[in-house]
Structures are given as structure tokens and as C-alpha cells.
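Q: Input file: input-v7.cif. Contents: mmCIF, C-alpha atoms; chains and numbers go by the auth columns.
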data_structure
#
loop_
_atom_site.group_PDB
_atom_site.id
_atom_site.type_symbol
_atom_site.label_atom_id
_atom_site.label_comp_id
_atom_site.label_asym_id
_atom_site.label_seq_id
_atom_site.Cartn_x
_atom_site.Cartn_y
_atom_site.Cartn_z
_atom_site.B_iso_or_equiv
_atom_site.auth_seq_id
_atom_site.auth_asym_id
ATOM 1 C CA MET A 1 3.228 65.516 50.664 0.00 1 A
ATOM 2 C CA ASN A 2 6.114 64.611 52.943 0.00 2 A
ATOM 3 C CA PRO A 3 6.300 66.925 56.002 0.00 3 A
ATOM 4 C CA LEU A 4 10.070 67.380 55.499 0.00 4 A
ATOM 5 C CA LEU A 5 9.247 69.620 52.522 0.00 5 A
ATOM 6 C CA ASN A 6 7.455 72.054 54.837 0.00 6 A
ATOM 7 C CA LYS A 7 10.838 73.273 56.090 0.00 7 A
ATOM 8 C CA ASN A 8 12.074 76.553 54.613 0.00 8 A
ATOM 9 C CA LEU A 9 15.886 76.138 54.582 0.00 9 A
ATOM 10 C CA PHE A 10 17.859 73.303 52.990 0.00 10 A
ATOM 11 C CA LEU A 11 21.525 72.655 52.237 0.00 11 A
ATOM 12 C CA ILE A 12 22.042 70.353 49.251 0.00 12 A
ATOM 13 C CA LYS A 13 25.563 68.899 48.968 0.00 13 A
ATOM 14 C CA GLU A 14 26.586 66.900 45.937 0.00 14 A
ATOM 15 C CA GLN A 15 28.750 63.949 46.960 0.00 15 A
ATOM 16 C CA VAL A 16 32.273 63.882 45.570 0.00 16 A
ATOM 17 C CA GLY A 17 33.160 60.702 43.715 0.00 17 A
ATOM 18 C CA MET A 18 35.850 59.731 41.274 0.00 18 A
ATOM 19 C CA PHE A 19 34.595 58.156 38.041 0.00 19 A
ATOM 20 C CA ARG A 20 30.968 58.203 39.161 0.00 20 A
ATOM 21 C CA ALA A 21 28.385 58.628 36.398 0.00 21 A
ATOM 22 C CA ALA A 22 25.378 59.031 38.715 0.00 22 A
ATOM 23 C CA ASN A 23 24.810 62.170 40.765 0.00 23 A
ATOM 24 C CA VAL A 24 24.232 61.768 44.513 0.00 24 A
ATOM 25 C CA TYR A 25 23.207 64.562 46.892 0.00 25 A
ATOM 26 C CA ASP A 26 22.917 64.737 50.674 0.00 26 A
ATOM 27 C CA ILE A 27 20.194 67.125 51.862 0.00 27 A
ATOM 28 C CA PHE A 28 20.379 68.801 55.259 0.00 28 A
ATOM 29 C CA ASP A 29 18.019 70.876 57.385 0.00 29 A
ATOM 30 C CA LEU A 30 20.059 74.101 57.449 0.00 30 A
ATOM 31 C CA GLU A 31 18.659 75.145 60.834 0.00 31 A
ATOM 32 C CA THR A 32 19.698 71.942 62.665 0.00 32 A
ATOM 33 C CA ASN A 33 22.463 70.640 60.332 0.00 33 A
ATOM 34 C CA GLN A 34 20.655 67.287 60.391 0.00 34 A
ATOM 35 C CA HIS A 35 20.945 64.994 57.339 0.00 35 A
ATOM 36 C CA ILE A 36 17.275 64.516 56.406 0.00 36 A
ATOM 37 C CA MET A 37 17.177 63.369 52.759 0.00 37 A
ATOM 38 C CA THR A 38 19.230 61.779 50.005 0.00 38 A
ATOM 39 C CA SER A 39 18.921 62.229 46.273 0.00 39 A
ATOM 40 C CA LYS A 40 20.361 59.821 43.728 0.00 40 A
ATOM 41 C CA GLU A 41 20.008 58.349 40.267 0.00 41 A
ATOM 42 C CA PRO A 42 19.379 54.672 41.018 0.00 42 A
ATOM 43 C CA ASN A 43 19.032 53.170 37.534 0.00 43 A
ATOM 44 C CA LEU A 44 21.420 54.549 34.914 0.00 44 A
ATOM 45 C CA GLY A 45 21.637 52.630 31.671 0.00 45 A
ATOM 46 C CA ILE A 46 25.021 51.626 30.251 0.00 46 A
ATOM 47 C CA PHE A 47 24.885 54.145 27.391 0.00 47 A
ATOM 48 C CA THR A 48 23.938 56.966 29.748 0.00 48 A
ATOM 49 C CA LYS A 49 26.880 56.036 31.978 0.00 49 A
ATOM 50 C CA ILE A 50 29.239 56.118 29.008 0.00 50 A
ATOM 51 C CA PHE A 51 27.971 59.493 27.742 0.00 51 A
ATOM 52 C CA ARG A 52 28.242 60.998 31.252 0.00 52 A
ATOM 53 C CA PHE A 53 32.033 60.936 30.770 0.00 53 A
ATOM 54 C CA THR A 54 31.917 62.875 27.493 0.00 54 A
ATOM 55 C CA LYS A 55 31.164 66.444 26.454 0.00 55 A
ATOM 56 C CA TYR A 56 27.555 65.288 25.843 0.00 56 A
ATOM 57 C CA LYS A 57 26.911 64.797 29.588 0.00 57 A
ATOM 58 C CA SER A 58 24.411 67.666 29.767 0.00 58 A
ATOM 59 C CA HIS A 59 22.271 66.020 27.040 0.00 59 A
ATOM 60 C CA THR A 60 21.855 62.665 28.790 0.00 60 A
ATOM 61 C CA PRO A 61 18.578 61.597 30.402 0.00 61 A
ATOM 62 C CA PHE A 62 18.213 61.549 34.170 0.00 62 A
ATOM 63 C CA ASN A 63 15.878 60.149 36.798 0.00 63 A
ATOM 64 C CA VAL A 64 16.680 61.672 40.198 0.00 64 A
ATOM 65 C CA VAL A 65 14.865 60.156 43.192 0.00 65 A
ATOM 66 C CA VAL A 66 14.766 62.083 46.484 0.00 66 A
ATOM 67 C CA THR A 67 14.147 59.953 49.573 0.00 67 A
ATOM 68 C CA GLU A 68 14.154 60.286 53.335 0.00 68 A
ATOM 69 C CA THR A 69 17.308 58.847 54.890 0.00 69 A
ATOM 70 C CA SER A 70 15.152 55.773 55.673 0.00 70 A
ATOM 71 C CA GLY A 71 14.566 55.262 51.928 0.00 71 A
ATOM 72 C CA LYS A 72 10.948 56.482 51.708 0.00 72 A
ATOM 73 C CA LYS A 73 10.401 58.305 48.384 0.00 73 A
ATOM 74 C CA ILE A 74 9.625 62.041 48.505 0.00 74 A
ATOM 75 C CA VAL A 75 9.875 63.328 44.932 0.00 75 A
ATOM 76 C CA ASN A 76 11.119 62.109 41.535 0.00 76 A
ATOM 77 C CA ILE A 77 12.600 64.318 38.786 0.00 77 A
ATOM 78 C CA LYS A 78 12.885 62.978 35.194 0.00 78 A
ATOM 79 C CA ARG A 79 14.127 64.171 31.839 0.00 79 A
ATOM 80 C CA GLY A 80 14.726 62.304 28.607 0.00 80 A
ATOM 81 C CA THR A 81 17.559 62.895 26.164 0.00 81 A
ATOM 82 C CA THR A 82 17.724 66.517 25.054 0.00 82 A
ATOM 83 C CA PHE A 83 19.620 68.586 22.517 0.00 83 A
ATOM 84 C CA PHE A 84 18.419 72.199 22.700 0.00 84 A
ATOM 85 C CA ARG A 85 16.254 72.807 25.753 0.00 85 A
ATOM 86 C CA SER A 86 15.062 70.726 28.660 0.00 86 A
ATOM 87 C CA ASP A 87 11.533 69.877 29.715 0.00 87 A
ATOM 88 C CA VAL A 88 11.745 68.173 33.099 0.00 88 A
ATOM 89 C CA GLU A 89 8.882 66.258 34.741 0.00 89 A
ATOM 90 C CA VAL A 90 8.354 66.189 38.522 0.00 90 A
ATOM 91 C CA PHE A 91 6.458 63.392 40.300 0.00 91 A
ATOM 92 C CA ASP A 92 5.329 63.099 43.927 0.00 92 A
ATOM 93 C CA GLU A 93 5.989 60.198 46.327 0.00 93 A
ATOM 94 C CA LYS A 94 3.162 58.185 44.690 0.00 94 A
ATOM 95 C CA ASP A 95 4.645 58.703 41.188 0.00 95 A
ATOM 96 C CA GLN A 96 1.813 61.086 40.252 0.00 96 A
ATOM 97 C CA LEU A 97 2.852 63.872 37.869 0.00 97 A
ATOM 98 C CA ILE A 98 2.736 67.228 39.696 0.00 98 A
ATOM 99 C CA GLY A 99 4.439 69.602 37.261 0.00 99 A
ATOM 100 C CA TYR A 100 7.101 70.534 34.738 0.00 100 A
ATOM 101 C CA PHE A 101 10.145 72.749 34.355 0.00 101 A
ATOM 102 C CA LYS A 102 10.210 74.228 30.840 0.00 102 A
ATOM 103 C CA GLN A 103 13.590 75.687 29.950 0.00 103 A
ATOM 104 C CA LYS A 104 13.565 79.007 28.112 0.00 104 A
ATOM 105 C CA PHE A 105 15.857 79.669 25.151 0.00 105 A
ATOM 106 C CA TRP A 106 18.525 82.369 25.273 0.00 106 A
ATOM 107 C CA SER A 107 18.506 83.399 28.901 0.00 107 A
ATOM 108 C CA MET A 108 21.504 84.721 30.809 0.00 108 A
ATOM 109 C CA GLY A 109 22.031 82.467 33.836 0.00 109 A
ATOM 110 C CA GLY A 110 19.177 80.096 32.994 0.00 110 A
ATOM 111 C CA LYS A 111 15.427 80.481 33.090 0.00 111 A
ATOM 112 C CA PHE A 112 12.616 77.966 33.544 0.00 112 A
ATOM 113 C CA GLU A 113 8.877 78.338 33.530 0.00 113 A
ATOM 114 C CA ILE A 114 7.486 76.112 36.285 0.00 114 A
ATOM 115 C CA VAL A 115 3.996 74.810 35.521 0.00 115 A
ATOM 116 C CA ASP A 116 1.660 72.388 37.265 0.00 116 A
ATOM 117 C CA LYS A 117 0.459 69.099 35.784 0.00 117 A
ATOM 118 C CA ASN A 118 -2.251 70.972 33.825 0.00 118 A
ATOM 119 C CA GLN A 119 0.348 73.345 32.290 0.00 119 A
ATOM 120 C CA LYS A 120 -0.901 76.224 34.484 0.00 120 A
ATOM 121 C CA PRO A 121 1.991 78.600 35.406 0.00 121 A
ATOM 122 C CA VAL A 122 3.218 78.295 38.999 0.00 122 A
ATOM 123 C CA CYS A 123 6.215 80.638 38.910 0.00 123 A
ATOM 124 C CA LEU A 124 9.364 81.549 37.007 0.00 124 A
ATOM 125 C CA LEU A 125 12.824 80.322 37.994 0.00 125 A
ATOM 126 C CA GLN A 126 15.314 82.990 36.905 0.00 126 A
ATOM 127 C CA GLY A 127 19.104 82.795 37.276 0.00 127 A
ATOM 128 C CA THR A 128 21.640 85.607 37.368 0.00 128 A
ATOM 129 C CA TRP A 129 24.323 85.978 34.699 0.00 129 A
ATOM 130 C CA THR A 130 26.864 84.276 37.019 0.00 130 A
ATOM 131 C CA GLY A 131 24.681 81.167 37.300 0.00 131 A
ATOM 132 C CA TRP A 132 25.139 81.136 41.094 0.00 132 A
ATOM 133 C CA ASP A 133 21.853 82.709 42.227 0.00 133 A
ATOM 134 C CA PHE A 134 18.293 81.799 41.232 0.00 134 A
ATOM 135 C CA LYS A 135 14.971 83.309 42.289 0.00 135 A
ATOM 136 C CA PHE A 136 11.443 81.931 42.144 0.00 136 A
ATOM 137 C CA ILE A 137 9.117 84.749 41.054 0.00 137 A
ATOM 138 C CA LYS A 138 5.322 84.717 40.813 0.00 138 A
ATOM 139 C CA ASP A 139 4.027 88.025 39.475 0.00 139 A
ATOM 140 C CA THR A 140 6.126 90.376 41.636 0.00 140 A
ATOM 141 C CA THR A 141 6.389 88.100 44.694 0.00 141 A
ATOM 142 C CA GLU A 142 9.570 86.174 45.473 0.00 142 A
ATOM 143 C CA LEU A 143 8.694 82.620 46.550 0.00 143 A
ATOM 144 C CA GLY A 144 12.251 81.559 47.308 0.00 144 A
ATOM 145 C CA PHE A 145 15.818 81.454 46.070 0.00 145 A
ATOM 146 C CA VAL A 146 18.691 79.060 45.420 0.00 146 A
ATOM 147 C CA ASN A 147 22.294 80.062 45.976 0.00 147 A
ATOM 148 C CA LYS A 148 25.283 78.021 44.832 0.00 148 A
ATOM 149 C CA LYS A 149 27.873 77.942 47.615 0.00 149 A
ATOM 150 C CA TRP A 150 31.649 78.086 47.139 0.00 150 A
ATOM 151 C CA ALA A 151 32.988 74.669 48.142 0.00 151 A
ATOM 152 C CA GLY A 152 36.688 75.493 48.316 0.00 152 A
ATOM 153 C CA ILE A 153 39.423 75.636 45.709 0.00 153 A
ATOM 154 C CA GLY A 154 40.199 71.913 45.739 0.00 154 A
ATOM 155 C CA LYS A 155 36.600 70.836 45.331 0.00 155 A
ATOM 156 C CA GLU A 156 35.729 73.519 42.764 0.00 156 A
ATOM 157 C CA PHE A 157 38.705 72.889 40.474 0.00 157 A
ATOM 158 C CA PHE A 158 39.049 69.123 40.701 0.00 158 A
ATOM 159 C CA THR A 159 35.458 67.878 40.933 0.00 159 A
ATOM 160 C CA SER A 160 32.062 68.755 39.525 0.00 160 A
ATOM 161 C CA ALA A 161 30.395 68.519 42.960 0.00 161 A
ATOM 162 C CA ASP A 162 28.369 71.584 43.959 0.00 162 A
ATOM 163 C CA ASN A 163 26.675 72.829 47.135 0.00 163 A
ATOM 164 C CA TYR A 164 23.382 74.752 47.126 0.00 164 A
ATOM 165 C CA VAL A 165 21.268 76.544 49.726 0.00 165 A
ATOM 166 C CA LEU A 166 17.512 76.594 49.093 0.00 166 A
ATOM 167 C CA SER A 167 15.316 79.077 50.931 0.00 167 A
ATOM 168 C CA ILE A 168 11.527 78.832 50.529 0.00 168 A
ATOM 169 C CA SER A 169 9.466 81.869 51.513 0.00 169 A
ATOM 170 C CA ASP A 170 6.759 81.745 54.165 0.00 170 A
ATOM 171 C CA ASN A 171 4.465 82.938 51.321 0.00 171 A
ATOM 172 C CA VAL A 172 4.444 79.353 49.997 0.00 172 A
ATOM 173 C CA ALA A 173 1.709 77.419 51.812 0.00 173 A
ATOM 174 C CA GLN A 174 2.536 74.287 53.790 0.00 174 A
ATOM 175 C CA ASP A 175 1.815 71.048 51.874 0.00 175 A
ATOM 176 C CA ALA A 176 1.414 72.974 48.585 0.00 176 A
ATOM 177 C CA VAL A 177 2.467 71.476 45.250 0.00 177 A
ATOM 178 C CA GLU A 178 4.461 74.682 44.681 0.00 178 A
ATOM 179 C CA ARG A 179 6.697 73.654 47.600 0.00 179 A
ATOM 180 C CA GLN A 180 7.485 70.294 45.978 0.00 180 A
ATOM 181 C CA LEU A 181 8.280 71.967 42.654 0.00 181 A
ATOM 182 C CA ILE A 182 10.512 74.622 44.266 0.00 182 A
ATOM 183 C CA PHE A 183 12.348 71.899 46.178 0.00 183 A
ATOM 184 C CA ALA A 184 12.894 69.876 42.979 0.00 184 A
ATOM 185 C CA ALA A 185 14.421 72.939 41.321 0.00 185 A
ATOM 186 C CA VAL A 186 17.820 72.471 42.961 0.00 186 A
ATOM 187 C CA MET A 187 18.366 69.125 41.237 0.00 187 A
ATOM 188 C CA VAL A 188 17.047 70.584 37.965 0.00 188 A
ATOM 189 C CA ILE A 189 19.495 73.514 38.189 0.00 189 A
ATOM 190 C CA ASP A 190 22.416 71.195 38.863 0.00 190 A
ATOM 191 C CA MET A 191 21.536 68.531 36.286 0.00 191 A
ATOM 192 C CA VAL A 192 20.504 70.893 33.457 0.00 192 A
ATOM 193 C CA LEU A 193 22.610 74.038 33.916 0.00 193 A
ATOM 194 C CA ASN A 194 25.674 73.098 35.947 0.00 194 A
ATOM 195 C CA GLU A 195 26.705 69.723 34.530 0.00 195 A
#
Please express what this file holds, its structure, as C-alpha cells.
A:
Amino acid sequence: MNPLLNKNLFLIKEQVGMFRAANVYDIFDLETNQHIMTSKEPNLGIFTKIFRFTKYKSHTPFNVVVTETSGKKIVNIKRGTTFFRSDVEVFDEKDQLIGYFKQKFWSMGGKFEIVDKNQKPVCLLQGTWTGWDFKFIKDTTELGFVNKKWAGIGKEFFTSADNYVLSISDNVAQDAVERQLIFAAVMVIDMVLNE
């Protein structure tokens, strides 16, 4: 696992772009304000690009690749076309499957069961009714949270770009698969729930 994922605080800023079908995020170490990672969709097909500009955007497939600023792959998040609920696959830097996000039906604010590659439960990702705050819960322990940040009236009303803060608890062991899955959750929240 990449040592950058052993940090506990991240700021994820979606880049603003006019008529851009692919989502691009800059990821910062919140403690130092240093740009440490980039996340993008490198290979969108023509039909996916077309549907991204319609009301069916949230149903389109995605393949989000998170890299160091140097270009070295860290994690990969994939989903095929969906109509009712999303099952998202997460892969490590070697393209080995490490887990899934399984969207739950009928939840206020969004809810995902996060499982490892063997379908063993890791934790639950639960959103609030506003869709701005998400917690990672395992039994009764909070493993972390995601908070959507207000980006300003101009950005909020005229673009779909969002900012998120991810905080991972010290309860999550360094170099653990759980850390990779919790980190991937920000892109899953944005691509599945906020598009």
C-alpha cells in the first residue's frame, strides 16, 4: 500500500471545468496543504461522454484512477452501467481487487456496505439526510468521516464541482486494506450520490 494513504486528513477538490465529461480531483494533505495526489477518469468511451451531459449521468460507468502527483497509481475505483443501485469495485496499485461498495436501497443520505474481496464486511458508510456528512461505522466504532465542504455561491450554483474533507481515525491500522477502502469512498460518494 502507498504510504500516502497512512495520513489521516485529506482535502479532495473536484476541478472545475466547462463541458468536461470526466471527473478530475486534486487531493491535498490537509495538515500541510500540499498537493499529494490526483484522481481522474483517463479512458471515457464516446457514449459515456455523451451520456454524462444528460439526466442519465449518474447511471454511466466510471473508472477513477488515483495517482501520486508523479503519476504512480495508488488505487482504482470502477463501476459498470447501473440503473437501480451501485456495486463499485476497488483495486490496489497492482490492479488486485481489494473490496466492494454495495449500495443499499432506500436510505436517507446514502448508505453503502463496504466489504473486502471475499465479501466479508469491513464497515458501513452511512450518510446524513442532507447528503453532506458520512460516517464509517464498524460495530459501534467510528473509523472515519467525510464532510462535503461549501465551495462558495458561484461554484455551488454554476458548477457540479465539490470539495470533501476525509478524516480517518487512528483506530484504522497503518497499511490496512480498510484504509484504502475508506480513502476510495470519497470518489464513490461523489460519483454515485452527488452527480
Q: What do you get, as JSON, numbers by chain, if you spell out every residue that the PyMOL selection byres ((chain A and resi 57) around 12) selects here?
A: {"A": [21, 22, 23, 47, 48, 49, 50, 51, 52, 53, 54, 55, 56, 58, 59, 60, 61, 62, 81, 82, 83, 160, 191, 192, 193, 194, 195]}
Q: In the coordinates of the file, take the point (9.1, 60.6, 45.9) and a cut-off of 10 Å; then, counting all atoms listed in the file, name each qualifying protein, DNA or RNA residue as a PyMOL selection string.
A: chain A and resi 1-2+39+64-68+71-77+90-96+180
Q: How about saving the chosen residues, C-alpha atoms kept, as a PDB file, in the coordinates of the input?
A:
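Final output, result19.pdb:
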ATOM      1  CA  MET A   1       3.228  65.516  50.664  1.00  0.00           C
ATOM      2  CA  ASN A   2       6.114  64.611  52.943  1.00  0.00           C
ATOM      3  CA  SER A  39      18.921  62.229  46.273  1.00  0.00           C
ATOM      4  CA  VAL A  64      16.680  61.672  40.198  1.00  0.00           C
ATOM      5  CA  VAL A  65      14.865  60.156  43.192  1.00  0.00           C
ATOM      6  CA  VAL A  66      14.766  62.083  46.484  1.00  0.00           C
ATOM      7  CA  THR A  67      14.147  59.953  49.573  1.00  0.00           C
ATOM      8  CA  GLU A  68      14.154  60.286  53.335  1.00  0.00           C
ATOM      9  CA  GLY A  71      14.566  55.262  51.928  1.00  0.00           C
ATOM     10  CA  LYS A  72      10.948  56.482  51.708  1.00  0.00           C
ATOM     11  CA  LYS A  73      10.401  58.305  48.384  1.00  0.00           C
ATOM     12  CA  ILE A  74       9.625  62.041  48.505  1.00  0.00           C
ATOM     13  CA  VAL A  75       9.875  63.328  44.932  1.00  0.00           C
ATOM     14  CA  ASN A  76      11.119  62.109  41.535  1.00  0.00           C
ATOM     15  CA  ILE A  77      12.600  64.318  38.786  1.00  0.00           C
ATOM     16  CA  VAL A  90       8.354  66.189  38.522  1.00  0.00           C
ATOM     17  CA  PHE A  91       6.458  63.392  40.300  1.00  0.00           C
ATOM     18  CA  ASP A  92       5.329  63.099  43.927  1.00  0.00           C
ATOM     19  CA  GLU A  93       5.989  60.198  46.327  1.00  0.00           C
ATOM     20  CA  LYS A  94       3.162  58.185  44.690  1.00  0.00           C
ATOM     21  CA  ASP A  95       4.645  58.703  41.188  1.00  0.00           C
ATOM     22  CA  GLN A  96       1.813  61.086  40.252  1.00  0.00           C
ATOM     23  CA  GLN A 180       7.485  70.294  45.978  1.00  0.00           C
TER      24      GLN A 180
END
Q: Any chance you could resolve the PyMOL selection byres ((chain A and resi 117-133) around 8) against this file and give the residues as a list in words?
A: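 After applying the PyMOL selection byres ((chain A and resi 117-133) around 8), what remains is Leu97, Ile98, Gly99, Tyr100, Met108, Gly109, Gly110, Lys111, Phe112, Glu113, Ile114, Val115, Asp116, Phe134, Lys135, Phe136, Ile137, Lys138, Asp139, Phe145, Val146, Asn147, Lys148, Lys149 and Glu178 of chain A.
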Q: Record the distance separating CA of Leu181 (chain A) and CA of Gly144 (chain A), expressed in Å with one decimal.
A: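 Between these atoms lies a distance of 11.4 Å.
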Q: Which residues come within 8 Å of His35 (chain A), counting only C-alpha atoms, excluding same-chain residues fewer than 6 positions away, as a ChimeraX atom specification?
A: /A:26-29,69
Q: Would you put the residues from that selection into a file with C-alpha atoms, as a PDB file, in the coordinates of the input?
A:
ATOM      1  CA  ASP A  26      22.917  64.737  50.674  1.00  0.00           C
ATOM      2  CA  ILE A  27      20.194  67.125  51.862  1.00  0.00           C
ATOM      3  CA  PHE A  28      20.379  68.801  55.259  1.00  0.00           C
ATOM      4  CA  ASP A  29      18.019  70.876  57.385  1.00  0.00           C
ATOM      5  CA  THR A  69      17.308  58.847  54.890  1.00  0.00           C
TER       6      THR A  69
END
Q: What does the distance from CA of Glu14 (chain A) to CA of Ile168 (chain A) come to in Å, to one decimal?
A: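 CA of Ile168 (chain A) lies 19.8 Å from CA of Glu14 (chain A).
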Q: Please identify all polymer residues within 10 Å of Ser70 (chain A), counting only C-alpha atoms, omitting same-chain residues fewer than 6 positions from it, and present them as a VMD selection string.
A: chain A and resid 36 to 38
Q: Within 8 Å of Asn6 (chain A), counting all atoms listed in the file, which residues qualify if same-chain residues fewer than 3 places away don't, as a list in words?
A: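 Counting all atoms listed in the file, the residues come to Asn2, Pro3, Gln174, Asp175 and Arg179 of chain A.
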Q: With distances taken over all atoms listed in the file, which of A:Lys13, A:Gln34, A:Asp190, A:Leu5 is nearest to Ala176 (chain A)?
A: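 That would be A:Leu5, the residue with the smallest distance to Ala176 (chain A).
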Q: How far is it from CA of Phe10 (chain A) to CA of Val165 (chain A), in Å with one decimal?
A: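 Going from CA of Phe10 (chain A) over to CA of Val165 (chain A), I get 5.7 Å.
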Q: Would you compute an axis-aligned box for region 36-48 of chain A, covering every atom listed for it in the file with 6 Å of margin on each side, and report centre and edge lengths in Å to one decimal as JSON?
A:
{"center_x": 21.1, "center_y": 58.1, "center_z": 41.9, "size_x": 19.8, "size_y": 24.9, "size_z": 41.0}
Q: Of the candidates A:Leu9, A:Gly45, A:Ser86, A:Ala185, which one gets nearest to Leu30 (chain A) if we count only C-alpha atoms?
A: A:Leu9
Q: Find, counting all atoms listed in the file, the residue in A:Glu31, A:Phe84, A:Thr140, A:Asp162 that gets nearest to Gln15 (chain A).
A: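 Answer, going by the shortest atom-to-atom distance: A:Asp162.
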Q: So, with all atoms listed in the file as the atoms that count, which of A:Val188, A:Val24, A:Val172, A:Val177 lies closest to Pro42 (chain A)?
A: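 Counting all atoms listed in the file, the residue closest to Pro42 (chain A) is A:Val24.
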